[in-house]
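input12.txt, holding compact mmCIF, C-alpha atoms:
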# COMPACT_ATOMS: atom_id res chain seq x y z
CA MET R 187 121.66 67.55 16.83
CA ARG R 188 118.14 68.57 15.80
CA THR R 189 117.28 71.64 13.76
CA VAL R 190 113.88 73.09 14.63
CA ALA R 191 111.78 76.09 13.63
CA VAL R 192 111.34 79.20 15.80
CA ARG R 193 109.00 82.10 15.18
CA ASP R 194 109.73 85.79 15.74
CA LEU R 195 106.38 86.98 17.04
CA LYS R 196 107.21 90.60 16.23
CA LYS R 197 107.58 89.81 12.52
CA CYS R 198 104.56 87.48 12.31
CA THR R 199 101.74 89.06 10.27
CA LYS R 200 99.26 86.24 11.07
CA ASP R 201 98.96 84.92 7.53
CA CYS R 202 98.88 81.47 9.16
CA LEU R 203 100.35 79.57 6.21
CA CYS R 204 102.49 77.68 8.77
CA LEU R 205 99.30 76.12 10.14
CA TYR R 206 98.48 74.86 6.67
CA VAL R 207 101.89 73.39 5.75
CA CYS R 208 103.09 71.97 9.09
CA PRO R 209 102.82 68.16 8.96
CA THR R 210 102.51 67.74 12.74
CA GLY R 211 100.64 70.79 13.99
CA ALA R 212 103.73 72.10 15.82
CA THR R 213 102.92 75.66 14.72
CA ASN R 214 99.45 75.50 16.25
CA THR R 215 100.00 76.67 19.85
CA GLU R 216 98.32 79.05 22.29
CA THR R 217 101.43 81.19 22.76
CA GLY R 218 102.50 81.41 19.12
CA ASN R 219 105.85 79.77 19.95
CA ILE R 220 106.42 76.68 17.81
CA ASP R 221 106.20 73.42 19.76
CA THR R 222 109.76 72.07 19.47
CA GLU R 223 108.68 68.60 20.66
CA LYS R 224 106.36 68.21 17.67
CA CYS R 225 108.62 70.02 15.17
CA ILE R 226 110.32 67.69 12.65
CA ASP R 227 114.12 67.87 12.46
CA GLY R 228 115.16 69.98 9.45
CA CYS R 229 111.66 69.99 7.87
CA GLN R 230 111.60 73.74 7.06
CA GLN R 231 108.16 73.73 5.38
CA CYS R 232 106.87 76.57 7.55
CA VAL R 233 110.07 78.60 7.05
CA ASP R 234 109.63 78.46 3.27
CA ALA R 235 105.88 79.11 3.40
CA CYS R 236 105.92 82.11 5.74
CA PRO R 237 105.35 85.32 3.73
CA SER R 238 106.66 87.64 6.45
CA GLY R 239 109.98 85.86 7.06
CA ALA R 240 109.04 85.38 10.71
CA ILE R 241 110.19 81.75 11.01
CA SER R 242 113.77 80.55 10.92
CA LEU R 243 115.62 77.33 11.70
CA LYS R 244 117.71 76.96 14.84
CA SER R 245 119.94 74.13 15.89
CA GLU R 246 118.74 72.73 19.19
CA GLU R 247 122.05 72.33 20.96
CA PRO R 248 122.11 73.75 24.45
CA LYS R 249 125.57 72.47 25.30
CA LYS R 250 127.35 74.27 22.52
CA ILE R 251 130.21 76.46 23.63
CA TYR R 252 130.76 79.44 21.40
CA PRO R 253 134.20 80.56 20.31
CA PRO R 254 135.85 82.68 22.98
CA GLN R 255 134.82 86.32 22.99
CA HIS R 256 137.26 88.97 21.93
CA HIS R 257 139.56 89.54 24.82
CA ARG R 258 138.28 92.32 26.97
CA GLU R 259 140.80 94.09 29.17
CA ASN R 260 140.02 93.84 32.85
CA ALA R 261 140.68 97.58 33.24
CA VAL R 262 137.83 98.32 30.80
CA ARG R 263 135.56 95.76 32.45
CA GLN R 264 136.03 97.36 35.87
CA LYS R 265 135.11 100.80 34.50
CA MET R 266 131.95 99.36 32.91
CA TYR R 267 130.94 97.68 36.19
CA ALA R 268 131.49 100.92 38.13
CA LEU R 269 129.28 102.88 35.74
CA ALA R 270 126.61 100.15 35.85
CA GLU R 271 126.63 100.33 39.66
CA SER R 272 126.21 104.10 39.59
CA LYS R 273 123.28 103.83 37.15
CA LEU R 274 121.65 101.18 39.37
CA GLN R 275 121.98 103.50 42.38
CA GLN R 276 120.29 106.20 40.33
CA GLU R 277 117.55 103.72 39.40
CA GLN R 278 116.97 102.98 43.09
CA ILE R 279 116.82 106.68 44.00
CA ALA R 280 114.33 107.35 41.18
CA LEU R 281 112.19 104.41 42.36
CA ALA R 282 112.31 105.61 45.99
CA LEU R 283 111.29 109.13 44.93
CA CYS R 284 108.53 107.58 42.83
CA ASP R 285 107.23 105.62 45.84
CA GLU R 286 107.09 108.75 47.96
CA SER R 287 105.52 111.02 45.37
CA LYS R 288 101.77 111.59 45.45
CA ASP R 289 101.69 113.18 41.99
CA ASN R 290 100.95 110.66 39.23
CA ASN R 291 102.67 112.79 36.60
CA GLU R 292 105.82 112.90 38.68
CA LYS R 293 105.59 109.12 39.20
CA THR R 294 105.51 108.58 35.42
CA PHE R 295 108.46 110.96 35.00
CA LEU R 296 110.50 109.09 37.62
CA LYS R 297 109.57 105.65 36.29
CA GLY R 298 110.94 106.69 32.90
CA ILE R 299 114.20 107.80 34.50
CA ALA R 300 114.45 104.56 36.51
CA MET R 301 113.83 102.47 33.39
CA SER R 302 116.44 104.40 31.44
CA ASN R 303 119.05 103.82 34.15
CA ARG R 304 118.28 100.09 34.25
CA LEU R 305 118.73 99.82 30.47
CA MET R 306 122.07 101.63 30.59
CA ALA R 307 123.26 99.37 33.43
CA GLU R 308 122.29 96.29 31.39
CA ASP R 309 124.24 97.60 28.40
CA PHE R 310 127.33 98.33 30.53
CA MET R 311 127.26 94.82 32.06
CA ARG R 312 126.93 93.37 28.58
CA GLU R 313 129.99 95.28 27.36
CA GLY R 314 131.77 94.34 30.58
CA GLY R 315 132.22 90.86 29.12
CA TYR R 316 128.75 89.28 29.14
CA LEU R 317 127.51 89.72 25.60
CA THR R 318 126.66 86.18 24.49
CA PRO R 319 124.46 84.01 26.73
CA GLN R 320 126.37 80.88 25.66
CA SER R 321 129.84 82.32 26.19
CA ALA R 322 132.51 80.85 28.46
CA ASN R 323 132.42 84.03 30.57
CA VAL R 324 128.75 83.48 31.39
CA LYS R 325 129.34 79.82 32.20
CA ALA R 326 132.26 80.70 34.45
CA LEU R 327 130.10 83.22 36.30
CA LEU R 328 127.19 80.75 36.66
CA ALA R 329 129.55 78.11 38.02
CA PHE R 330 131.02 80.59 40.50
CA LEU R 331 127.60 81.83 41.66
CA GLN R 332 126.32 78.30 42.21
CA ASN R 333 128.83 77.99 45.02
CA ALA R 334 128.34 81.52 46.30
CA ASP R 335 124.77 82.86 46.16
CA PHE R 336 122.22 81.13 43.99
CA PRO R 337 118.42 80.74 44.04
CA GLU R 338 116.75 77.44 44.91
CA ALA R 339 115.83 76.57 41.36
CA GLU R 340 112.81 74.63 40.20
CA GLU R 341 113.52 71.24 38.61
CA SER R 342 113.14 72.54 35.06
CA LEU R 343 115.57 75.36 35.72
CA LYS R 344 118.02 72.99 37.40
CA LYS R 345 118.04 70.76 34.36
CA LEU R 346 118.54 73.68 32.04
CA LEU R 347 121.29 75.08 34.18
CA CYS R 348 122.96 71.71 34.20
CA ASP R 349 122.82 71.68 30.39
CA THR R 350 124.06 75.24 30.18
CA THR R 351 127.02 74.76 32.46
CA TYR R 352 127.52 71.06 31.82
CA LYS R 353 130.86 71.14 30.09
CA LEU R 354 132.32 73.70 32.38
CA LEU R 355 131.23 71.93 35.55
CA HIS R 356 132.46 68.68 34.09
CA LYS R 357 135.90 70.22 33.91
CA LEU R 358 135.93 71.78 37.34
CA MET N 172 130.29 63.37 18.91
CA GLU N 173 127.76 65.31 20.90
CA GLN N 174 129.74 64.78 24.09
CA ALA N 175 133.10 65.70 22.55
CA GLU N 176 135.48 67.39 24.92
CA VAL N 177 135.62 71.12 24.44
CA GLU N 178 138.49 73.20 25.66
CA VAL N 179 136.92 75.52 28.19
CA VAL N 180 138.64 78.82 28.67
CA LEU N 181 137.79 79.98 32.15
CA ASP N 182 137.48 83.69 32.65
CA PRO N 183 140.78 84.73 34.26
CA ASP N 184 139.26 88.07 35.32
CA LEU N 185 135.99 86.67 36.69
CA PRO N 186 134.56 89.43 38.91
CA LYS N 187 133.67 87.87 42.26
CA ASN N 188 132.30 90.98 43.91
CA LEU N 189 129.44 91.98 41.63
CA SER N 190 126.51 93.50 43.52
CA SER N 191 122.98 92.07 43.38
CA GLY N 192 122.01 94.99 41.16
CA GLN N 193 124.85 94.34 38.72
CA LEU N 194 123.97 90.63 38.58
CA SER N 195 120.29 91.42 37.96
CA ALA N 196 121.22 93.77 35.09
CA LEU N 197 123.68 91.24 33.67
CA PHE N 198 121.19 88.36 33.67
CA GLY N 199 118.29 90.58 32.56
CA ASN N 200 120.26 91.47 29.46
CA LEU N 201 121.15 87.82 28.79
CA ALA N 202 117.44 86.94 29.03
CA LYS N 203 116.75 89.48 26.27
CA GLY N 204 119.58 87.97 24.24
CA CYS N 205 118.08 84.47 24.51
CA GLU N 206 114.68 85.81 23.54
CA LYS N 207 116.18 87.24 20.33
CA GLN N 208 117.94 83.93 19.69
CA GLY N 209 114.59 82.14 19.98
CA ARG N 210 115.78 80.16 23.02
CA THR N 211 112.76 80.53 25.28
CA ASP N 212 113.85 78.02 27.95
CA GLU N 213 117.20 79.71 28.47
CA LYS N 214 115.43 83.06 28.50
CA ASP N 215 113.32 81.84 31.44
CA LEU N 216 116.42 80.69 33.28
CA PHE N 217 118.17 84.04 32.96
CA ARG N 218 114.94 85.91 33.76
CA ALA N 219 114.57 83.88 36.97
CA LEU N 220 118.16 84.71 37.93
CA ALA N 221 117.65 88.41 37.12
CA ASP N 222 114.53 88.51 39.32
CA TYR N 223 116.28 86.68 42.15
CA TYR N 224 119.15 89.17 42.32
CA LYS N 225 116.83 92.13 41.79
CA GLY N 226 114.92 90.99 44.86
CA LYS N 227 118.15 91.12 46.87
CA MET N 228 118.92 94.73 45.98
CA THR N 229 118.89 96.97 49.03
CA THR N 230 116.22 99.59 48.72
CA SER N 231 116.15 102.81 50.64
CA SER N 232 113.70 105.59 51.29
CA GLY N 233 114.02 109.27 52.11
CA LYS N 234 115.93 109.97 48.90
CA ARG N 235 116.19 113.40 47.34
CA TYR N 236 116.55 114.68 43.80
CA ASN N 237 119.93 116.22 44.55
CA GLU N 238 121.41 112.75 45.25
CA LEU N 239 120.33 111.68 41.77
CA GLU N 240 121.72 114.84 40.23
CA SER N 241 125.04 114.55 42.01
CA LEU N 242 125.61 110.93 40.88
CA LEU N 243 124.68 111.94 37.34
CA ALA N 244 127.06 114.92 37.44
CA GLY N 245 129.84 112.59 38.62
CA ASN N 246 129.19 110.31 35.64
CA MET N 247 129.31 113.19 33.18
CA ASP N 248 132.25 115.05 34.72
CA GLU N 249 134.48 112.03 35.33
CA ASP N 250 133.22 108.45 34.96
CA PHE N 251 132.38 108.45 31.25
CA HIS N 252 135.62 110.20 30.36
CA ALA N 253 137.71 107.78 32.45
CA ALA N 254 135.97 104.74 30.98
CA MET N 255 136.26 106.03 27.41
CA THR N 256 139.97 106.71 27.84
CA GLU N 257 140.46 103.12 29.00
CA ALA N 258 138.31 101.73 26.17
CA LYS N 259 140.23 103.80 23.57
CA THR N 260 143.58 102.64 24.95
CA PHE N 261 142.62 99.03 24.27
CA GLY N 262 140.61 99.69 21.09
CA ASP N 263 137.48 98.26 22.69
CA ARG N 264 134.77 99.19 20.15
CA GLY N 265 131.91 97.52 22.02
CA ALA N 266 132.62 99.37 25.25
CA LEU N 267 133.06 102.67 23.38
CA ARG N 268 129.70 102.16 21.67
CA ALA N 269 127.90 101.57 24.98
CA LEU N 270 129.67 104.51 26.63
CA THR N 271 128.81 106.88 23.75
CA TRP N 272 125.12 105.97 23.96
CA GLY N 273 125.17 106.07 27.77
CA GLU N 274 126.76 109.49 27.87
CA ARG N 275 124.18 110.98 25.49
CA THR N 276 121.33 109.36 27.41
CA SER N 277 122.78 110.70 30.68
CA HIS N 278 122.80 114.22 29.22
CA MET N 279 119.15 113.75 28.30
CA ILE N 280 118.25 112.69 31.86
CA SER N 281 120.19 115.64 33.23
CA SER N 282 118.25 118.01 31.00
CA LEU N 283 114.93 116.37 32.00
CA LEU N 284 115.78 116.90 35.67
CA LYS N 285 116.89 120.49 35.11
CA ASN N 286 113.56 121.30 33.45
CA LYS N 287 111.52 119.11 35.76
CA ALA N 288 108.64 121.56 36.36
CA GLU N 289 108.23 122.17 32.64
CA ASN N 290 108.35 118.43 31.88
CA LEU N 291 105.79 117.60 34.58
CA ASP N 292 103.54 120.26 33.00
CA LYS N 293 103.88 118.58 29.62
CA ILE N 294 102.91 115.22 31.14
CA ARG N 295 99.96 116.90 32.88
CA GLN N 296 98.83 118.20 29.48
CA GLY N 297 98.81 114.65 28.11
CA GLN N 298 102.32 114.17 26.72
CA SER N 299 104.04 110.83 27.36
CA VAL N 300 107.40 109.69 28.73
CA TYR N 301 109.06 107.56 26.04
CA VAL N 302 112.01 105.26 26.76
CA CYS N 303 114.12 103.58 24.06
CA GLN N 304 114.37 99.91 25.10
CA ILE N 305 117.77 99.54 23.43
CA CYS N 306 119.84 102.44 24.78
CA GLY N 307 117.64 103.97 27.49
CA TYR N 308 117.12 107.35 25.77
CA VAL N 309 114.21 109.00 27.58
CA VAL N 310 112.09 111.97 26.45
CA VAL N 311 108.81 113.71 27.22
CA HIS N 312 107.00 114.17 23.93
CA ASP N 313 103.51 114.32 22.41
CA GLU N 314 104.10 111.43 20.04
CA VAL N 315 106.61 108.62 19.65
CA LEU N 316 109.70 109.55 17.62
CA GLU N 317 110.29 107.77 14.33
CA ARG N 318 113.74 106.64 15.41
CA CYS N 319 115.76 106.90 18.59
CA PRO N 320 118.05 109.95 18.24
CA VAL N 321 120.82 108.23 20.25
CA CYS N 322 121.03 104.67 18.92
CA GLY N 323 118.90 104.97 15.76
CA VAL N 324 116.60 102.02 16.43
CA PRO N 325 113.13 102.22 14.76
CA ASN N 326 110.30 103.17 17.08
CA HIS N 327 108.82 99.73 17.71
CA LYS N 328 111.62 99.56 20.31
CA ILE N 329 110.54 102.84 21.94
CA GLU N 330 107.90 102.45 24.67
CA ALA N 331 105.70 104.86 26.58
CA VAL N 332 105.92 104.50 30.38

Please lay out the structure from this file as structure tokens.
Amino acid sequence: MRTVAVRDLKKCTKDCLCLYVCPTGATNTETGNIDTEKCIDGCQQCVDACPSGAISLKSEEPKKIYPPQHHRENAVRQKMYALAESKLQQEQIALALCDESKDNNEKTFLKGIAMSNRLMAEDFMREGGYLTPQSANVKALLAFLQNADFPEAEESLKKLLCDTTYKLLHKL
Amino acid sequence: MEQAEVEVVLDPDLPKNLSSGQLSALFGNLAKGCEKQGRTDEKDLFRALADYYKGKMTTSSGKRYNELESLLAGNMDEDFHAAMTEAKTFGDRGALRALTWGERTSHMISSLLKNKAENLDKIRQGQSVYVCQICGYVVVHDEVLERCPVCGVPNHKIEAV
């Protein structure tokens, strides 16, 4: 398992010491994301040099399965899903009203309300049992959807999905 | 070692009837989670899934404000209370946290709608609509708040529409 550096772009204050200390130039990219191909396993020079604490080490292990989440009662989950659905309906109404409005101020007002409803729905789905991206719940859902209704994925996504659900699918 | 067998606990309560909207919200949130974890490839995967299901949501036209208000009233009169009772029964802190924020944000939306004319005037005079990207709190104001009054996040997470 490799341990590589990742940068939090929101913390980065562009002091660019990582450019100076990195032995391979992995920190020198267009996007600001560190090139994990070039990054040296466990090197950590950039992490130690960064004055804004924007770089940290991450283990590069996509197949890891996290410990099971705290048990979440199905009764609670169902209530969270119902509220999420209601908020998504409200989002759709706000967006429809926004489409039909000819007043730009009203459009802005409605867009804010739509966005707010979307964020609440996301939070309710999260607390309905889908908090950690690497959790068994997420893998179980991905495996189920692959046999139900799933997009035609590009090759890169297919590979990633295979990694993400590998152990679960292996078992099924 | 890398391929060691892991005991997979399948989700016994896997919901098989989630709507496209619910799936898009679920995966959209996981994409944000991966972004925070610094896993950009997985973020792209979840983002692609979120967009796919969002595209399958059924849209409708000819909607009216009173439909929005009546759903919102139903949430505040019944849904939040019912969900909180269930979450309290099982000591579910995470669900209670989300419901507490959601209820306060819903009250804010309700108040915005009640004073719609006044709020549209404020926007016309140059004020902005700010939305907290963590809890959804939404407000019409002349400048961004220092912290979100619902979830307390600092204002770099609060965006103008």

At a cut-off of 9 Å, using only C-alpha atoms, what residues contact Gly192 (chain N)? Leave out same-chain residues fewer than 5 positions from it and give the result as a short mmCIF file (atom, residue, chain, number, x, y, z; two decimals) with C-alpha atoms, keeping the file's coordinate frame.
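The result, written out as around.cif:
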data_model
loop_
_atom_site.label_atom_id
_atom_site.label_comp_id
_atom_site.auth_asym_id
_atom_site.auth_seq_id
_atom_site.Cartn_x
_atom_site.Cartn_y
_atom_site.Cartn_z
CA ALA R 270 126.61 100.15 35.85
CA GLU R 271 126.63 100.33 39.66
CA LEU R 274 121.65 101.18 39.37
CA GLN R 275 121.98 103.50 42.38
CA ALA R 307 123.26 99.37 33.43
CA LEU N 197 123.68 91.24 33.67
CA ALA N 221 117.65 88.41 37.12
CA TYR N 224 119.15 89.17 42.32
CA LYS N 225 116.83 92.13 41.79
CA GLY N 226 114.92 90.99 44.86
CA LYS N 227 118.15 91.12 46.87
CA MET N 228 118.92 94.73 45.98
CA THR N 229 118.89 96.97 49.03
#

Review point. Can you find the residues with an atom no farther than 12 Å from (132.5, 99.5, 20.4), counting only C-alpha atoms, and report them as a PyMOL selection string?
Key: (chain R and resi 256+258+262+309-310+312-314) or (chain N and resi 255+258-259+261-272)

Review point. Do you have the CA of His327 (chain N)-CA of Gly315 (chain R) distance handy?
Key: 27.5 Å

Practice item. Identify every residue of chain N that has at least one atom within 7 Å of any atom of chain R, counting all atoms listed in the file, and report the result as a ChimeraX atom specification. Key: /N:179-182,184-185,192-193,196-197,200-201,204-205,209,216,223,230-232,234-235,239,242,250,254,257-258,265-266,269,273,280,291,294-295,300,302,304,306-309,332

8 Å per side around region 280-292 of chain R: axis-aligned box centre and edge lengths, as JSON:
{"center_x": 107.6, "center_y": 108.8, "center_z": 42.3, "size_x": 29.4, "size_y": 24.8, "size_z": 27.4}

Review point. Can you tell me how far CA of Tyr236 (chain N) sits from CA of Glu274 (chain N), in Å to one decimal?
Key: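 These two atoms are separated by 19.6 Å.
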
Residues near Ile329 (chain N), cut-off 9 Å, all atoms listed in the file, skip fewer than 5 positions along chain, as a JSON list (two decimals) with C-alpha atoms, in the frame of the given file:
[["chain", "number", "residue", "atom", "x", "y", "z"],
["N", 301, "TYR", "CA", 109.06, 107.56, 26.04],
["N", 302, "VAL", "CA", 112.01, 105.26, 26.76],
["N", 303, "CYS", "CA", 114.12, 103.58, 24.06],
["N", 304, "GLN", "CA", 114.37, 99.91, 25.10],
["N", 305, "ILE", "CA", 117.77, 99.54, 23.43],
["N", 308, "TYR", "CA", 117.12, 107.35, 25.77],
["N", 315, "VAL", "CA", 106.61, 108.62, 19.65],
["N", 316, "LEU", "CA", 109.70, 109.55, 17.62],
["N", 318, "ARG", "CA", 113.74, 106.64, 15.41],
["N", 319, "CYS", "CA", 115.76, 106.90, 18.59],
["N", 324, "VAL", "CA", 116.60, 102.02, 16.43]]

Review point. So what do you get for CA of Asn188 (chain N) versus CA of Asp222 (chain N), distance-wise?
Key: 18.5 Å

Review point. From the set N:Gly245, N:Gly199, N:Pro320, N:Gly297, which residue has the shortest atom-to-atom contact distance to Met279 (chain N), counting all atoms listed in the file?
Key: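 Under the stated criterion, the closest residue is N:Pro320.
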
Point to revise | Surrounding residues of region 215-217 of chain R excluding itself and chain neighbours under 5 positions, 12 Å, all atoms listed in the file, as number ranges by chain | key: R: 193-195, 202, 204-205, 210, 222-225; N: 211
